[in-house]
Amino acid sequence: GTSVETGAGNIEVNKCNGDLRANSGGGNLTLGDVYGTVLAETGGGSVRLASAQGAVRVITGGGTVELYKVGQSAQVETGAGAITVQFIAGRDKFKDSMLHTAAGNVIVYLPSNLGVSVHASTELAYGKGIISAFPGLAITSEGGNYGPKSMYGEGQLNGGGPMLRIRTTIGQIDIRRLQ
């Protein structure tokens with residue numbers, strides 16, 4: 001595996017043939033194709049990943065997170081920032097995943113035939129709050145028609161499977177089909 005660390009600067013890795021660990025005190029992390037697992041941590045920067053075959057874990061104090069072509073699972077925590085994750089994992093590869101932001105929208109792309117159990121929640125949703133392109137997600141809300149409301153989405157997509165937990169305190173959640 002490869003480990004890259006900096007006190008506060010940006011990190012850019014184009015390709016890694018094994019596991020990757022990238023840690024910055026506050027810079028942005030731009031990661032290309034990783035053929036193993038990814039552990040990416042930054043005190044306040046954004047994280048972008050082109051692809052990973054293994055499990056992905058991202059922690060940032062306040063940046064946006066964009067993860068593409070995730071082949072297994074994603075554990076994401078950001079203090080403030082949008083999260084976009086594109087899962088390409090098949091039924092036999094997908095593992096429990098958790099996406100959490102305190103302030104920001106979350107967009108998740110799932111393969112059309114992936115069996116997954118979803119638990120989604122937003123405490124202060126505006127607009128539609130939680131949207132799903134998949135049948136089987138029961139969406140409930142608490143609060144009035146005007147102003148923010150709490151929303152929850154739970155269900156078994158394509159017969160269910162490993163757990164996908166999505167949570168934003170302030171924002172919307174959009175579960176889309178991978179094209």
# chains A, B, ... in the order shown; residues from 1 in each chain; ligands from 1
$ residues_around --residues "stretch 132-145 of chain A" --least-positions-apart "2" --cutoff "8 Å" --atoms "only C-alpha atoms" --output "tab-separated table (two decimals) with N, CA and C atoms, in the first residue's frame"
chain	number	residue	atom	x	y	z
A	118	VAL	N	-32.13	0.27	2.74
A	118	VAL	CA	-31.83	1.70	2.88
A	118	VAL	C	-32.50	2.27	4.12
A	130	ILE	N	-36.46	13.78	0.32
A	130	ILE	CA	-35.89	12.48	-0.06
A	130	ILE	C	-36.55	12.03	-1.35
A	147	GLY	N	-41.74	25.68	5.38
A	147	GLY	CA	-40.52	25.61	6.16
A	147	GLY	C	-39.94	24.21	6.17
A	148	PRO	N	-38.89	24.02	6.94
A	148	PRO	CA	-38.21	22.72	6.95
A	148	PRO	C	-39.02	21.65	7.65
A	149	LYS	N	-38.76	20.39	7.26
A	149	LYS	CA	-39.43	19.26	7.88
A	149	LYS	C	-38.44	18.10	7.99
A	150	SER	N	-38.70	17.20	8.90
A	150	SER	CA	-37.89	15.99	9.03
A	150	SER	C	-38.47	14.92	8.12
A	151	MET	N	-37.58	14.19	7.42
A	151	MET	CA	-38.04	13.14	6.52
A	151	MET	C	-37.20	11.88	6.73
A	152	TYR	N	-37.86	10.74	6.51
A	152	TYR	CA	-37.20	9.44	6.67
A	152	TYR	C	-37.58	8.55	5.49
A	153	GLY	N	-36.63	7.79	5.04
A	153	GLY	CA	-36.89	6.82	3.98
A	153	GLY	C	-36.31	5.47	4.37
A	154	GLU	N	-37.15	4.45	4.35
A	154	GLU	CA	-36.69	3.11	4.70
A	154	GLU	C	-37.28	2.11	3.74
A	155	GLY	N	-36.49	1.09	3.41
A	155	GLY	CA	-37.02	0.05	2.55
A	155	GLY	C	-35.97	-0.88	2.00
A	156	GLN	N	-36.47	-1.91	1.35
A	156	GLN	CA	-35.62	-2.92	0.71
A	156	GLN	C	-35.66	-2.68	-0.79
A	157	LEU	N	-34.55	-2.30	-1.37
A	157	LEU	CA	-34.49	-2.10	-2.81
A	157	LEU	C	-34.02	-3.40	-3.46
A	158	ASN	N	-34.71	-3.83	-4.48
A	158	ASN	CA	-34.38	-5.08	-5.19
A	158	ASN	C	-34.24	-6.28	-4.25
A	174	ASP	N	-31.01	12.16	-2.60
A	174	ASP	CA	-31.48	11.74	-3.92
A	174	ASP	C	-30.82	10.40	-4.26
A	175	ILE	N	-31.63	9.34	-4.37
A	175	ILE	CA	-31.12	8.02	-4.72
A	175	ILE	C	-31.48	7.77	-6.19
A	176	ARG	N	-30.44	7.65	-7.02
A	176	ARG	CA	-30.63	7.55	-8.46
A	176	ARG	C	-30.15	6.20	-9.00
A	177	ARG	N	-30.67	5.83	-10.17
A	177	ARG	CA	-30.21	4.63	-10.87
A	177	ARG	C	-28.92	4.95	-11.62
$ select_by_dssp --residues "chain A" --states "strand (DSSP E or B)" --output "number ranges by chain"
A: 2-6, 11-16, 20-24, 29-34, 38-42, 47-52, 56-60, 65-70, 74-78, 83-87, 97-103, 106-110, 116-125, 130-132, 137-142, 149-157, 163-170, 173-177
$ closest_residue --among "A:Ile131, A:Ala80, A:Ser112, A:Thr122" --to "A:Gln179" --atoms "only C-alpha atoms"
A:Ser112
$ atom_distance --atom1 "atom CA of A:Ala120" --atom2 "atom CA of A:Gly27"
29.4 Å
$ residues_around --residues "A:Met163" --least-positions-apart "6" --cutoff "8 Å" --atoms "only C-alpha atoms" --output "list of chain:residue names"
A:Lys95, A:Asp96, A:Ser97, A:Val116, A:Ser117, A:Val118, A:His119
$ write_last_selection --atoms "C-alpha atoms" --output "PDB file, in the first residue's frame"
ATOM      1  CA  LYS A  95     -21.013  -4.111   1.835  1.00  0.00           C
ATOM      2  CA  ASP A  96     -22.694  -2.006   4.525  1.00  0.00           C
ATOM      3  CA  SER A  97     -22.168   1.695   3.814  1.00  0.00           C
ATOM      4  CA  VAL A 116     -29.738  -3.041  -0.650  1.00  0.00           C
ATOM      5  CA  SER A 117     -31.569  -2.085   2.551  1.00  0.00           C
ATOM      6  CA  VAL A 118     -31.833   1.699   2.883  1.00  0.00           C
ATOM      7  CA  HIS A 119     -32.250   3.916   5.924  1.00  0.00           C
TER       8      HIS A 119
END
$ decode --residues "stretch 126-141 of chain A" --atoms "all heavy atoms" --output "PDB file, in the first residue's frame"
ATOM      1  N   TYR A 126     -35.720  20.753   2.788  1.00  0.00           N
ATOM      2  CA  TYR A 126     -36.477  21.707   1.990  1.00  0.00           C
ATOM      3  C   TYR A 126     -36.828  21.019   0.679  1.00  0.00           C
ATOM      4  O   TYR A 126     -36.172  20.070   0.266  1.00  0.00           O
ATOM      5  CB  TYR A 126     -35.650  22.967   1.723  1.00  0.00           C
ATOM      6  CG  TYR A 126     -35.482  23.830   2.933  1.00  0.00           C
ATOM      7  CD1 TYR A 126     -34.399  23.666   3.784  1.00  0.00           C
ATOM      8  CD2 TYR A 126     -36.423  24.798   3.233  1.00  0.00           C
ATOM      9  CE1 TYR A 126     -34.246  24.454   4.909  1.00  0.00           C
ATOM     10  CE2 TYR A 126     -36.271  25.598   4.358  1.00  0.00           C
ATOM     11  CZ  TYR A 126     -35.187  25.435   5.188  1.00  0.00           C
ATOM     12  OH  TYR A 126     -35.057  26.216   6.295  1.00  0.00           O
ATOM     13  N   GLY A 127     -37.846  21.512  -0.013  1.00  0.00           N
ATOM     14  CA  GLY A 127     -38.222  20.909  -1.290  1.00  0.00           C
ATOM     15  C   GLY A 127     -38.746  19.499  -1.088  1.00  0.00           C
ATOM     16  O   GLY A 127     -39.521  19.228  -0.179  1.00  0.00           O
ATOM     17  N   LYS A 128     -38.300  18.565  -1.921  1.00  0.00           N
ATOM     18  CA  LYS A 128     -38.794  17.189  -1.866  1.00  0.00           C
ATOM     19  C   LYS A 128     -38.167  16.391  -0.726  1.00  0.00           C
ATOM     20  O   LYS A 128     -38.672  15.356  -0.338  1.00  0.00           O
ATOM     21  CB  LYS A 128     -38.545  16.486  -3.195  1.00  0.00           C
ATOM     22  CG  LYS A 128     -39.341  17.114  -4.327  1.00  0.00           C
ATOM     23  CD  LYS A 128     -39.379  16.210  -5.525  1.00  0.00           C
ATOM     24  CE  LYS A 128     -40.055  16.899  -6.671  1.00  0.00           C
ATOM     25  NZ  LYS A 128     -41.430  16.589  -6.836  1.00  0.00           N
ATOM     26  N   GLY A 129     -37.026  16.793  -0.226  1.00  0.00           N
ATOM     27  CA  GLY A 129     -36.407  16.131   0.923  1.00  0.00           C
ATOM     28  C   GLY A 129     -35.702  14.851   0.571  1.00  0.00           C
ATOM     29  O   GLY A 129     -34.490  14.794   0.523  1.00  0.00           O
ATOM     30  N   ILE A 130     -36.457  13.775   0.323  1.00  0.00           N
ATOM     31  CA  ILE A 130     -35.886  12.485  -0.065  1.00  0.00           C
ATOM     32  C   ILE A 130     -36.547  12.028  -1.353  1.00  0.00           C
ATOM     33  O   ILE A 130     -37.772  11.970  -1.444  1.00  0.00           O
ATOM     34  CB  ILE A 130     -36.074  11.419   1.031  1.00  0.00           C
ATOM     35  CG1 ILE A 130     -35.351  11.841   2.316  1.00  0.00           C
ATOM     36  CG2 ILE A 130     -35.560  10.059   0.556  1.00  0.00           C
ATOM     37  CD1 ILE A 130     -35.553  10.891   3.495  1.00  0.00           C
ATOM     38  N   ILE A 131     -35.722  11.711  -2.359  1.00  0.00           N
ATOM     39  CA  ILE A 131     -36.199  11.265  -3.664  1.00  0.00           C
ATOM     40  C   ILE A 131     -35.534   9.933  -3.968  1.00  0.00           C
ATOM     41  O   ILE A 131     -34.338   9.766  -3.725  1.00  0.00           O
ATOM     42  CB  ILE A 131     -35.813  12.273  -4.766  1.00  0.00           C
ATOM     43  CG1 ILE A 131     -36.286  13.683  -4.416  1.00  0.00           C
ATOM     44  CG2 ILE A 131     -36.345  11.847  -6.114  1.00  0.00           C
ATOM     45  CD1 ILE A 131     -35.577  14.766  -5.212  1.00  0.00           C
ATOM     46  N   SER A 132     -36.296   8.983  -4.526  1.00  0.00           N
ATOM     47  CA  SER A 132     -35.720   7.695  -4.908  1.00  0.00           C
ATOM     48  C   SER A 132     -36.227   7.275  -6.274  1.00  0.00           C
ATOM     49  O   SER A 132     -37.433   7.315  -6.533  1.00  0.00           O
ATOM     50  CB  SER A 132     -36.063   6.616  -3.884  1.00  0.00           C
ATOM     51  OG  SER A 132     -35.586   5.358  -4.311  1.00  0.00           O
ATOM     52  N   ALA A 133     -35.315   6.847  -7.137  1.00  0.00           N
ATOM     53  CA  ALA A 133     -35.686   6.318  -8.449  1.00  0.00           C
ATOM     54  C   ALA A 133     -36.103   4.852  -8.350  1.00  0.00           C
ATOM     55  O   ALA A 133     -36.533   4.269  -9.333  1.00  0.00           O
ATOM     56  CB  ALA A 133     -34.509   6.458  -9.418  1.00  0.00           C
ATOM     57  N   PHE A 134     -35.977   4.269  -7.162  1.00  0.00           N
ATOM     58  CA  PHE A 134     -36.301   2.858  -6.945  1.00  0.00           C
ATOM     59  C   PHE A 134     -37.617   2.723  -6.189  1.00  0.00           C
ATOM     60  O   PHE A 134     -37.842   3.437  -5.208  1.00  0.00           O
ATOM     61  CB  PHE A 134     -35.206   2.181  -6.110  1.00  0.00           C
ATOM     62  CG  PHE A 134     -33.887   2.070  -6.800  1.00  0.00           C
ATOM     63  CD1 PHE A 134     -32.979   3.109  -6.761  1.00  0.00           C
ATOM     64  CD2 PHE A 134     -33.552   0.912  -7.475  1.00  0.00           C
ATOM     65  CE1 PHE A 134     -31.748   3.010  -7.388  1.00  0.00           C
ATOM     66  CE2 PHE A 134     -32.326   0.790  -8.110  1.00  0.00           C
ATOM     67  CZ  PHE A 134     -31.424   1.848  -8.069  1.00  0.00           C
ATOM     68  N   PRO A 135     -38.465   1.757  -6.597  1.00  0.00           N
ATOM     69  CA  PRO A 135     -39.642   1.471  -5.782  1.00  0.00           C
ATOM     70  C   PRO A 135     -39.189   0.730  -4.526  1.00  0.00           C
ATOM     71  O   PRO A 135     -38.103   0.165  -4.485  1.00  0.00           O
ATOM     72  CB  PRO A 135     -40.485   0.569  -6.684  1.00  0.00           C
ATOM     73  CG  PRO A 135     -39.522  -0.039  -7.642  1.00  0.00           C
ATOM     74  CD  PRO A 135     -38.399   0.941  -7.813  1.00  0.00           C
ATOM     75  N   GLY A 136     -40.009   0.769  -3.503  1.00  0.00           N
ATOM     76  CA  GLY A 136     -39.688   0.029  -2.285  1.00  0.00           C
ATOM     77  C   GLY A 136     -39.148   0.890  -1.160  1.00  0.00           C
ATOM     78  O   GLY A 136     -38.887   0.389  -0.071  1.00  0.00           O
ATOM     79  N   LEU A 137     -38.990   2.188  -1.392  1.00  0.00           N
ATOM     80  CA  LEU A 137     -38.519   3.074  -0.336  1.00  0.00           C
ATOM     81  C   LEU A 137     -39.721   3.843   0.209  1.00  0.00           C
ATOM     82  O   LEU A 137     -40.309   4.662  -0.495  1.00  0.00           O
ATOM     83  CB  LEU A 137     -37.457   4.040  -0.866  1.00  0.00           C
ATOM     84  CG  LEU A 137     -36.696   4.840   0.186  1.00  0.00           C
ATOM     85  CD1 LEU A 137     -35.839   3.908   1.049  1.00  0.00           C
ATOM     86  CD2 LEU A 137     -35.810   5.891  -0.466  1.00  0.00           C
ATOM     87  N   ALA A 138     -40.099   3.534   1.432  1.00  0.00           N
ATOM     88  CA  ALA A 138     -41.227   4.219   2.071  1.00  0.00           C
ATOM     89  C   ALA A 138     -40.713   5.515   2.687  1.00  0.00           C
ATOM     90  O   ALA A 138     -39.820   5.498   3.531  1.00  0.00           O
ATOM     91  CB  ALA A 138     -41.840   3.331   3.143  1.00  0.00           C
ATOM     92  N   ILE A 139     -41.284   6.636   2.242  1.00  0.00           N
ATOM     93  CA  ILE A 139     -40.827   7.947   2.705  1.00  0.00           C
ATOM     94  C   ILE A 139     -41.903   8.577   3.576  1.00  0.00           C
ATOM     95  O   ILE A 139     -43.064   8.665   3.181  1.00  0.00           O
ATOM     96  CB  ILE A 139     -40.494   8.854   1.505  1.00  0.00           C
ATOM     97  CG1 ILE A 139     -39.370   8.216   0.678  1.00  0.00           C
ATOM     98  CG2 ILE A 139     -40.097  10.248   1.978  1.00  0.00           C
ATOM     99  CD1 ILE A 139     -39.098   8.904  -0.639  1.00  0.00           C
ATOM    100  N   THR A 140     -41.512   8.991   4.775  1.00  0.00           N
ATOM    101  CA  THR A 140     -42.426   9.651   5.700  1.00  0.00           C
ATOM    102  C   THR A 140     -41.826  10.996   6.093  1.00  0.00           C
ATOM    103  O   THR A 140     -40.614  11.200   5.997  1.00  0.00           O
ATOM    104  CB  THR A 140     -42.658   8.806   6.974  1.00  0.00           C
ATOM    105  OG1 THR A 140     -41.398   8.558   7.613  1.00  0.00           O
ATOM    106  CG2 THR A 140     -43.321   7.482   6.646  1.00  0.00           C
ATOM    107  N   SER A 141     -42.711  11.913   6.534  1.00  0.00           N
ATOM    108  CA  SER A 141     -42.219  13.227   6.955  1.00  0.00           C
ATOM    109  C   SER A 141     -42.955  13.705   8.183  1.00  0.00           C
ATOM    110  O   SER A 141     -44.089  13.304   8.449  1.00  0.00           O
ATOM    111  CB  SER A 141     -42.342  14.242   5.823  1.00  0.00           C
ATOM    112  OG  SER A 141     -43.696  14.494   5.527  1.00  0.00           O
TER     113      SER A 141
END
